[in-house]
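Participant: Pasting coords21.cif here (mmCIF, C-alpha atoms):
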```cif
data_structure
#
loop_
_atom_site.label_atom_id
_atom_site.label_comp_id
_atom_site.auth_asym_id
_atom_site.auth_seq_id
_atom_site.Cartn_x
_atom_site.Cartn_y
_atom_site.Cartn_z
CA MET R 1 -3.11 -3.85 6.37
CA HIS R 2 -0.97 -5.09 3.52
CA VAL R 3 1.35 -8.08 3.70
CA PRO R 4 5.05 -7.24 4.08
CA ASP R 5 7.86 -8.85 2.08
CA GLY R 6 9.03 -12.13 3.59
CA PHE R 7 5.64 -13.28 4.91
CA LEU R 8 4.67 -15.17 1.75
CA SER R 9 6.71 -17.65 -0.26
CA PRO R 10 6.97 -17.70 -4.07
CA ALA R 11 4.48 -20.61 -4.01
CA ILE R 12 1.85 -17.93 -3.37
CA THR R 13 3.40 -14.71 -4.64
CA LEU R 14 4.21 -15.97 -8.16
CA PRO R 15 0.69 -17.35 -8.88
CA ALA R 16 -0.69 -14.08 -7.51
CA TYR R 17 1.43 -12.18 -10.06
CA ALA R 18 0.17 -14.55 -12.77
CA VAL R 19 -3.44 -13.78 -11.81
CA ALA R 20 -2.87 -10.03 -11.40
CA ALA R 21 -0.85 -9.44 -14.59
CA PRO R 22 -3.65 -9.95 -17.15
CA ILE R 23 -6.01 -7.86 -15.03
CA TRP R 24 -3.39 -5.07 -14.85
CA VAL R 25 -3.06 -5.18 -18.64
CA ARG R 26 -6.83 -5.17 -19.17
CA ALA R 27 -7.41 -2.43 -16.60
CA ALA R 28 -4.62 -0.25 -17.97
CA ARG R 29 -5.91 -0.72 -21.54
CA LYS R 30 -9.49 0.03 -20.56
CA HIS R 31 -8.85 3.15 -18.51
CA PHE R 32 -5.47 4.43 -19.65
CA GLY R 33 -4.97 2.92 -23.08
CA ARG R 34 -5.17 4.87 -26.32
CA GLY R 35 -5.52 8.27 -24.78
CA ALA R 36 -2.60 7.60 -22.40
CA ALA R 37 -1.22 11.07 -22.97
CA GLU R 38 -4.42 12.54 -21.57
CA ALA R 39 -5.12 9.77 -19.07
CA LEU R 40 -1.68 9.75 -17.43
CA PRO R 41 -2.24 12.96 -15.46
CA VAL R 42 -5.59 11.64 -14.26
CA MET R 43 -4.00 8.36 -13.24
CA GLY R 44 -1.16 10.16 -11.48
CA SER R 45 -3.54 12.40 -9.61
CA LEU R 46 -5.83 9.56 -8.53
CA THR R 47 -2.85 7.55 -7.37
CA ALA R 48 -1.50 10.49 -5.42
CA LEU R 49 -4.94 11.11 -3.95
CA ALA R 50 -5.18 7.51 -2.70
CA PHE R 51 -1.62 7.73 -1.38
CA VAL R 52 -2.24 10.94 0.53
CA VAL R 53 -5.52 9.67 1.97
CA GLN R 54 -3.65 6.58 3.17
CA SER R 55 -1.06 8.72 4.87
CA ILE R 56 -3.64 10.56 7.01
CA MET R 57 -3.38 8.93 10.41
CA VAL R 58 -6.60 8.85 12.41
CA PRO R 59 -6.38 8.62 16.21
CA VAL R 60 -8.44 5.76 17.66
CA PRO R 61 -9.52 5.36 21.28
CA GLY R 62 -6.79 3.77 23.36
CA GLY R 63 -3.93 5.89 22.05
CA ALA R 64 -3.34 3.95 18.84
CA SER R 65 -3.96 5.21 15.31
CA THR R 66 -5.09 3.79 11.98
CA HIS R 67 -5.15 5.13 8.44
CA LEU R 68 -7.82 5.45 5.78
CA SER R 69 -7.60 3.58 2.49
CA GLY R 70 -9.60 5.72 0.06
CA VAL R 71 -9.87 3.00 -2.60
CA ALA R 72 -13.60 2.58 -2.05
CA LEU R 73 -14.04 6.20 -3.15
CA LEU R 74 -11.98 5.56 -6.29
CA ALA R 75 -13.99 2.42 -7.05
CA VAL R 76 -17.31 4.24 -6.62
CA LEU R 77 -16.18 7.14 -8.83
CA TYR R 78 -14.18 5.37 -11.54
CA GLY R 79 -14.93 1.64 -11.22
CA PRO R 80 -12.95 -1.23 -9.67
CA LEU R 81 -10.50 -1.62 -12.55
CA ALA R 82 -9.34 2.01 -12.35
CA ALA R 83 -9.02 1.61 -8.58
CA PHE R 84 -6.99 -1.56 -9.17
CA VAL R 85 -4.41 0.24 -11.32
CA CYS R 86 -4.21 3.25 -8.97
CA GLU R 87 -3.93 1.13 -5.82
CA THR R 88 -1.22 -0.98 -7.46
CA LEU R 89 0.76 2.20 -8.12
CA VAL R 90 0.21 3.32 -4.52
CA LEU R 91 1.47 -0.05 -3.28
CA LEU R 92 4.46 0.19 -5.61
CA VAL R 93 5.39 3.67 -4.35
CA GLN R 94 4.92 2.54 -0.74
CA ALA R 95 7.09 -0.53 -1.32
CA LEU R 96 9.87 1.32 -3.15
CA PHE R 97 10.09 4.51 -1.12
CA PHE R 98 8.57 3.84 2.29
CA GLY R 99 9.32 0.18 3.03
CA ALA R 100 5.63 -0.69 3.44
CA GLY R 101 4.41 -3.89 1.79
CA GLY R 102 6.93 -5.03 -0.78
CA LEU R 103 7.62 -6.03 -4.33
CA THR R 104 7.48 -9.82 -3.90
CA VAL R 105 3.98 -9.51 -2.39
CA LEU R 106 2.77 -6.79 -4.77
CA GLY R 107 0.50 -9.17 -6.70
CA VAL R 108 -1.15 -10.46 -3.52
CA ASN R 109 -1.59 -6.99 -2.02
CA ALA R 110 -2.89 -5.55 -5.30
CA LEU R 111 -5.47 -8.31 -5.68
CA ALA R 112 -6.63 -8.06 -2.05
CA LEU R 113 -6.56 -4.30 -1.53
CA GLY R 114 -6.83 -3.03 -5.09
CA LEU R 115 -9.27 -5.44 -6.71
CA LEU R 116 -11.39 -7.44 -4.23
CA GLY R 117 -11.97 -4.52 -1.84
CA PRO R 118 -12.85 -1.98 -4.54
CA ALA R 119 -15.03 -4.56 -6.36
CA ALA R 120 -16.96 -5.10 -3.12
CA ALA R 121 -17.28 -1.32 -2.70
CA TRP R 122 -18.52 -0.87 -6.26
CA ILE R 123 -21.11 -3.66 -5.93
CA ALA R 124 -22.24 -2.50 -2.46
CA PHE R 125 -22.65 1.09 -3.66
CA ARG R 126 -24.94 0.00 -6.48
CA LEU R 127 -26.91 -2.48 -4.37
CA VAL R 128 -27.54 -0.14 -1.43
CA ARG R 129 -28.09 3.02 -3.46
CA GLY R 130 -31.86 2.66 -3.15
CA TRP R 131 -31.53 3.43 0.56
CA GLY R 132 -29.81 6.73 -0.15
CA ASP R 133 -26.34 7.82 -1.27
CA GLY R 134 -25.06 8.19 2.29
CA ALA R 135 -25.94 4.61 3.21
CA ALA R 136 -24.51 3.36 -0.08
CA ALA R 137 -21.23 5.25 0.45
CA PHE R 138 -20.92 3.96 4.00
CA ALA R 139 -21.61 0.38 2.91
CA ALA R 140 -19.03 0.72 0.11
CA GLY R 141 -16.30 2.01 2.43
CA TYR R 142 -17.06 -0.44 5.24
CA LEU R 143 -17.36 -3.52 3.03
CA SER R 144 -14.30 -2.77 0.91
CA LEU R 145 -12.09 -2.85 3.99
CA GLN R 146 -13.66 -6.05 5.36
CA VAL R 147 -13.24 -7.90 2.08
CA SER R 148 -9.62 -6.76 1.75
CA ALA R 149 -8.83 -7.70 5.36
CA LEU R 150 -10.47 -11.11 4.95
CA ALA R 151 -8.54 -11.75 1.72
CA VAL R 152 -5.21 -10.84 3.33
CA ALA R 153 -6.00 -13.02 6.38
CA MET R 154 -6.94 -15.95 4.16
CA VAL R 155 -3.76 -15.70 2.10
CA LEU R 156 -1.64 -15.62 5.26
CA GLY R 157 -3.65 -18.57 6.60
CA LEU R 158 -3.06 -20.44 3.34
CA GLN R 159 0.69 -19.84 3.65
CA HIS R 160 0.63 -21.33 7.15
CA VAL R 161 -1.30 -24.37 5.92
CA LEU R 162 1.11 -24.86 2.99
CA ALA R 163 4.27 -24.46 5.08
CA PRO R 164 3.86 -23.97 8.85
CA GLY R 165 7.64 -23.78 9.18
CA TYR R 166 7.76 -20.84 6.78
CA LEU R 167 5.01 -18.73 8.40
CA PRO R 168 4.50 -19.88 11.99
CA VAL R 169 1.56 -17.50 12.49
CA PRO R 170 -1.61 -19.66 12.70
CA PRO R 171 -4.78 -18.67 10.80
CA ALA R 172 -6.62 -17.97 14.08
CA VAL R 173 -4.08 -15.24 14.86
CA THR R 174 -4.01 -13.74 11.35
CA LEU R 175 -7.82 -13.72 11.15
CA ALA R 176 -8.11 -11.99 14.52
CA ALA R 177 -5.26 -9.57 13.79
CA MET R 178 -6.79 -8.53 10.46
CA LEU R 179 -10.52 -8.65 11.13
CA VAL R 180 -10.96 -7.35 14.68
CA PRO R 181 -9.53 -3.84 14.02
CA SER R 182 -11.11 -3.77 10.58
CA LEU R 183 -14.62 -4.76 11.74
CA THR R 184 -14.66 -2.56 14.81
CA VAL R 185 -12.74 0.64 13.99
CA ALA R 186 -11.07 0.92 10.58
CA GLY R 187 -14.14 -0.15 8.58
CA VAL R 188 -16.41 2.36 10.32
CA LEU R 189 -13.87 5.16 9.72
CA GLU R 190 -13.48 4.22 6.06
CA GLY R 191 -17.28 4.19 5.68
CA LEU R 192 -17.59 7.64 7.27
CA TYR R 193 -14.73 9.01 5.17
CA THR R 194 -16.40 7.76 1.97
CA VAL R 195 -19.68 9.42 3.04
CA PHE R 196 -18.00 12.77 3.83
CA ALA R 197 -15.80 12.76 0.72
CA LEU R 198 -18.69 11.87 -1.62
CA SER R 199 -21.00 14.49 -0.15
CA LEU R 200 -18.29 17.13 -0.55
CA LEU R 201 -17.48 16.02 -4.08
CA ARG R 202 -21.17 16.30 -4.92
CA LYS R 203 -20.98 19.99 -4.00
CA VAL R 204 -17.58 20.66 -5.63
CA ASP R 205 -17.89 18.57 -8.78
CA PRO R 206 -21.34 16.92 -9.17
CA ARG R 207 -20.39 15.45 -12.56
CA ALA R 208 -17.78 13.24 -10.86
CA ILE R 209 -20.47 11.24 -9.05
CA PRO R 210 -21.83 8.36 -11.18
CA MET N 1 26.67 15.22 -7.38
CA GLN N 2 27.45 12.21 -9.54
CA PHE N 3 24.46 10.22 -10.77
CA PRO N 4 24.75 6.47 -11.12
CA ASP N 5 24.85 5.38 -14.70
CA ALA N 6 21.59 4.04 -16.16
CA ARG N 7 22.93 0.61 -17.11
CA ARG N 8 24.38 0.07 -13.64
CA SER N 9 21.09 1.17 -12.10
CA ARG N 10 19.14 -1.30 -14.23
CA ALA N 11 21.58 -4.13 -13.43
CA LEU N 12 21.34 -3.38 -9.73
CA LEU N 13 17.53 -3.31 -9.91
CA GLY N 14 17.51 -6.67 -11.71
CA ALA N 15 19.89 -8.25 -9.18
CA TRP N 16 17.79 -6.87 -6.33
CA LEU N 17 14.60 -8.34 -7.82
CA ILE N 18 16.18 -11.79 -8.15
CA ALA N 19 17.66 -11.56 -4.65
CA ILE N 20 14.44 -10.60 -2.87
CA PHE N 21 12.41 -13.35 -4.59
CA ALA N 22 15.17 -15.86 -3.76
CA ILE N 23 15.30 -14.75 -0.11
CA SER N 24 11.52 -14.90 0.14
CA ALA N 25 11.77 -18.63 -0.63
CA VAL N 26 14.25 -19.40 2.17
CA SER N 27 13.28 -20.53 5.65
CA ASP N 28 16.62 -22.03 6.68
CA LEU N 29 18.16 -19.96 9.48
CA ARG N 30 21.78 -20.63 8.50
CA LEU N 31 21.20 -19.64 4.88
CA LEU N 32 19.41 -16.49 5.95
CA GLY N 33 22.25 -15.68 8.36
CA VAL N 34 24.84 -16.04 5.59
CA ALA N 35 22.72 -13.92 3.23
CA GLY N 36 22.32 -11.28 5.95
CA ALA N 37 26.05 -11.12 6.61
CA ALA N 38 26.76 -10.87 2.87
CA ALA N 39 24.19 -8.08 2.48
CA ALA N 40 25.62 -6.16 5.45
CA LEU N 41 29.14 -6.48 4.01
CA LEU N 42 28.06 -5.54 0.50
CA PHE N 43 26.07 -2.52 1.61
CA ARG N 44 28.16 -1.46 4.61
CA HIS N 45 27.98 2.20 3.61
CA GLY N 46 24.78 3.52 5.13
CA LEU N 47 24.33 0.29 7.12
CA LEU N 48 23.18 2.04 10.30
CA ARG N 49 20.83 4.41 8.49
CA ASN N 50 19.15 1.56 6.63
CA ALA N 51 19.05 -0.59 9.76
CA ARG N 52 17.18 2.23 11.51
CA ARG N 53 14.68 2.45 8.64
CA VAL N 54 14.14 -1.32 8.81
CA LEU N 55 13.69 -1.08 12.57
CA ARG N 56 10.94 1.48 12.10
CA SER N 57 9.15 -0.03 9.11
CA VAL N 58 8.98 -3.83 9.47
CA VAL N 59 10.30 -4.89 12.87
CA PRO N 60 7.32 -3.76 15.01
CA LEU N 61 4.80 -5.71 12.91
CA THR N 62 6.94 -8.85 12.66
CA VAL N 63 7.81 -8.88 16.36
CA GLY N 64 4.21 -8.13 17.39
CA LEU N 65 2.73 -10.89 15.23
CA SER N 66 5.44 -13.34 16.29
CA LEU N 67 4.83 -12.68 20.00
CA VAL N 68 1.05 -13.04 19.67
CA SER N 69 1.43 -16.22 17.61
CA TRP N 70 3.96 -17.67 20.04
CA ALA N 71 1.62 -16.97 22.96
CA TRP N 72 -1.35 -18.44 21.05
CA LEU N 73 0.54 -21.61 20.13
CA ARG N 74 1.77 -21.90 23.70
CA LEU N 75 -1.84 -21.65 24.89
CA VAL N 76 -3.35 -24.26 22.53
CA ALA N 77 -0.42 -26.70 22.46
CA SER N 78 0.90 -28.54 25.47
CA ARG N 79 4.53 -27.58 24.77
CA PRO N 80 6.07 -24.25 23.74
CA PRO N 81 6.44 -23.75 19.97
CA GLU N 82 9.83 -23.88 18.25
CA LEU N 83 11.62 -20.57 18.02
CA ALA N 84 13.47 -21.22 14.74
CA PRO N 85 10.52 -20.49 12.39
CA PHE N 86 9.86 -17.19 14.18
CA LEU N 87 13.51 -16.21 13.95
CA ALA N 88 13.58 -17.15 10.26
CA LEU N 89 10.45 -15.07 9.62
CA GLY N 90 11.98 -12.08 11.37
CA LEU N 91 15.33 -12.44 9.62
CA ARG N 92 13.70 -12.85 6.21
CA THR N 93 11.51 -9.75 6.50
CA VAL N 94 14.39 -7.68 7.88
CA LEU N 95 16.76 -8.86 5.16
CA VAL N 96 14.36 -8.13 2.27
CA ALA N 97 13.54 -4.68 3.69
CA PHE N 98 17.23 -3.89 4.23
CA LEU N 99 18.13 -4.93 0.68
CA THR N 100 15.28 -2.81 -0.69
CA PHE N 101 16.40 0.31 1.18
CA ALA N 102 20.10 -0.26 0.44
CA VAL N 103 19.62 -0.89 -3.28
CA LEU N 104 17.08 1.85 -3.92
CA GLU N 105 19.32 4.53 -2.40
CA ARG N 106 22.04 3.44 -4.85
CA VAL N 107 19.74 3.51 -7.89
CA ASP N 108 18.52 6.49 -9.85
CA LEU N 109 15.04 5.26 -10.74
CA PHE N 110 14.48 7.94 -13.35
CA ARG N 111 17.65 6.98 -15.22
CA ALA N 112 16.87 3.29 -14.88
CA LEU N 113 13.42 3.90 -16.35
CA ALA N 114 14.71 6.22 -19.08
CA PRO N 115 14.04 3.76 -21.97
CA TRP N 116 10.34 3.76 -20.99
CA PRO N 117 9.13 7.39 -21.22
CA THR N 118 5.55 6.57 -20.19
CA ALA N 119 6.76 4.92 -16.98
CA THR N 120 9.11 7.85 -16.33
CA ARG N 121 6.31 10.37 -16.84
CA LEU N 122 3.94 8.42 -14.62
CA LEU N 123 6.57 8.15 -11.88
CA ALA N 124 7.34 11.88 -12.10
CA VAL N 125 3.67 12.86 -12.05
CA THR N 126 2.90 10.55 -9.13
CA LEU N 127 5.88 11.57 -6.99
CA ALA N 128 5.42 15.28 -7.67
CA GLN N 129 1.73 14.96 -6.86
CA ILE N 130 2.38 13.07 -3.65
CA HIS N 131 4.74 15.81 -2.53
CA ALA N 132 2.27 18.61 -3.34
CA LEU N 133 -0.77 16.84 -1.93
CA ARG N 134 0.95 15.80 1.28
CA LEU N 135 1.79 19.44 1.87
CA LEU N 136 -1.83 20.38 1.25
CA ALA N 137 -3.14 17.60 3.52
CA THR N 138 -0.73 18.57 6.32
CA GLU N 139 -1.70 22.23 6.02
CA SER N 140 -5.39 21.37 6.05
CA LEU N 141 -5.08 19.15 9.10
CA LEU N 142 -3.02 21.80 10.89
CA GLY N 143 -5.71 24.32 9.97
CA LEU N 144 -8.35 22.00 11.39
CA ARG N 145 -6.36 21.72 14.60
CA SER N 146 -5.84 25.48 14.87
CA ARG N 147 -9.57 26.16 14.47
CA MET N 148 -10.53 23.85 17.31
CA PRO N 149 -10.18 24.80 20.96
CA ARG N 150 -9.59 21.12 21.78
CA ARG N 151 -7.56 18.31 20.22
CA PRO N 152 -9.47 16.93 17.16
CA HIS N 153 -11.20 13.63 17.85
CA THR N 154 -11.35 10.65 15.52
CA LEU N 155 -14.55 11.85 13.85
CA ASP N 156 -13.12 15.38 13.37
CA VAL N 157 -10.09 14.01 11.53
CA VAL N 158 -12.20 11.72 9.35
CA ARG N 159 -14.60 14.57 8.54
CA GLY N 160 -11.61 16.86 7.84
CA ALA N 161 -10.07 14.24 5.55
CA GLY N 162 -13.38 13.92 3.69
CA GLY N 163 -13.50 17.70 3.40
CA ILE N 164 -10.04 18.19 1.98
CA THR N 165 -10.55 15.41 -0.58
CA GLY N 166 -12.49 17.84 -2.78
CA ALA N 167 -9.69 20.41 -2.67
CA ILE N 168 -7.06 17.74 -3.24
CA PHE N 169 -9.06 16.36 -6.14
CA THR N 170 -9.18 19.69 -7.94
CA LEU N 171 -5.58 20.64 -7.19
CA SER N 172 -4.18 17.24 -8.13
CA ALA N 173 -5.90 17.22 -11.52
CA ARG N 174 -4.51 20.69 -12.31
CA ASN N 175 -1.03 19.89 -11.01
CA ALA N 176 -0.81 16.61 -12.86
CA ARG N 177 -1.77 18.25 -16.14
CA ASP N 178 0.86 20.97 -15.63
CA ILE N 179 3.62 18.48 -14.80
CA SER N 180 2.67 16.21 -17.67
CA ASP N 181 2.59 19.13 -20.16
CA ALA N 182 5.95 20.39 -18.90
CA MET N 183 7.53 16.95 -19.28
CA ARG N 184 6.09 16.44 -22.75
CA SER N 185 7.38 19.83 -23.86
CA ARG N 186 10.84 18.69 -22.73
CA GLY N 187 10.67 15.58 -24.88
CA PHE N 188 9.53 12.92 -22.40
#
```
Using structure tokens, write down the structure that the file contains.
Facilitator:
Amino acid sequence: MHVPDGFLSPAITLPAYAVAAPIWVRAARKHFGRGAAEALPVMGSLTALAFVVQSIMVPVPGGASTHLSGVALLAVLYGPLAAFVCETLVLLVQALFFGAGGLTVLGVNALALGLLGPAAAWIAFRLVRGWGDGAAAFAAGYLSLQVSALAVAMVLGLQHVLAPGYLPVPPAVTLAAMLVPSLTVAGVLEGLYTVFALSLLRKVDPRAIP
Amino acid sequence: MQFPDARRSRALLGAWLIAIFAISAVSDLRLLGVAGAAAALLFRHGLLRNARRVLRSVVPLTVGLSLVSWAWLRLVASRPPELAPFLALGLRTVLVAFLTFAVLERVDLFRALAPWPTATRLLAVTLAQIHALRLLATESLLGLRSRMPRRPHTLDVVRGAGGITGAIFTLSARNARDISDAMRSRGF
């Protein structure tokens, strides 16, 4: 879902870094600050968990496949700021070692997939919790993906508006390309995954659930 | 095996960062062509291997989006859209991805990050964890497949992924603590 290098110009990527940087600092200080020696393993394990979940390919009808994101689960368990730091690290590892995403677009991807999506998941989980944990987990997983997809589509659309010669992909195409799979298949799978993972975590480690 | 020296690794990383941001600002086909030729000449060792990696990682998405966009623009406009912006988009993404692969295989990230022990420890913990957890996830999914008389459907895989998250969670916390303790005891 994330934007690859070369799709966005510095007119967008540099301001995105400027917006993301203070949030990275605040998030890292809040969750991994003074007790960094103790928090580092936790951070490493959460990052690896998100990375591995994202590498599980799920077959979808029609012969194609998609992958889970897992950040909604992190946001529900540890809050959106912890998810932001962990997802940023996942994006960094993917960009450096697997050629997915990229370093110039790291700020944009981190804000869309690591902050806006998890924040939506965190809010949805708390709002819908009255209807039961299962419904809340599903809403968190489903909404987090929609918000991230919409944010990525809007940034790509903005790039086209700013410089159509730079990104000749019109907003109608980016919106459809991002939102149709996300609304119909990927969001439902992410919601179900969050439900299954939370119900299992409740059995394995009930203290982990807020 | 000879490891690249830390200062050279850091210089190469810095040059790469500047280069990819500079390339991401270019939409002129000729400039991109010159930059592409220079990159191919500069990193000719491993050119085919890196070209294959680029072909797998970024080309399908770029080509797919370009084709859909071209068809869409053709549909809504009375005349066919210009090809140059699509070519520039493709060349730019390919060039940045190629430079990333070519530079990172020439850089020892651990040596480059040596002055920052926290970053080194985090990188080591994360990479070691990814390796261990991917093995666990693969084994679990293979186990899921072996227990089913039919090929697992979408819902089976999602349920299986939810199921192994608990195991991964516990294992990753233990592993990370072990790795971190081991690195600290070695002076990181």
Participant: Which residues of chain N are close to chain R, meaning at most 6 Å apart when you count all atoms listed in the file, and how do they look as a PyMOL selection string?
Facilitator: chain N and resi 24-25+27+69+85+92-93+125-126+129-130+134+154+158+162+166+172-173+176-177
Participant: Which residues fall under the PyMOL selection byres ((chain N and resi 11) around 12) in this file, as a VMD selection string?
Facilitator: chain N and resid 4 to 10 12 to 18 103 106 to 109 111 to 113
Participant: Quick one: apply the PyMOL selection byres ((chain N and resi 30-41) around 10) to the file and drop the selected residues here as an NGL selection string.
Facilitator: :N and (19 or 23-24 or 26-29 or 42-48 or 51 or 87-89 or 91-92 or 94-96 or 98-99 or 102)
Participant: Quick check on the file I pasted: which residues fall under the PyMOL selection byres ((chain R and resi 2) around 10)? Write them as a PyMOL selection string.
Facilitator: chain R and resi 1+3-5+91+100-102+105-106+108-110+112-113+148-149+152-153+178
Participant: Out of R:Ala28, R:Thr184, R:Val155, R:Arg126, which residue has the shortest atom-to-atom distance to Ala16 in chain R when counting all atoms listed in the file?
Facilitator: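 Closest candidate: R:Val155.
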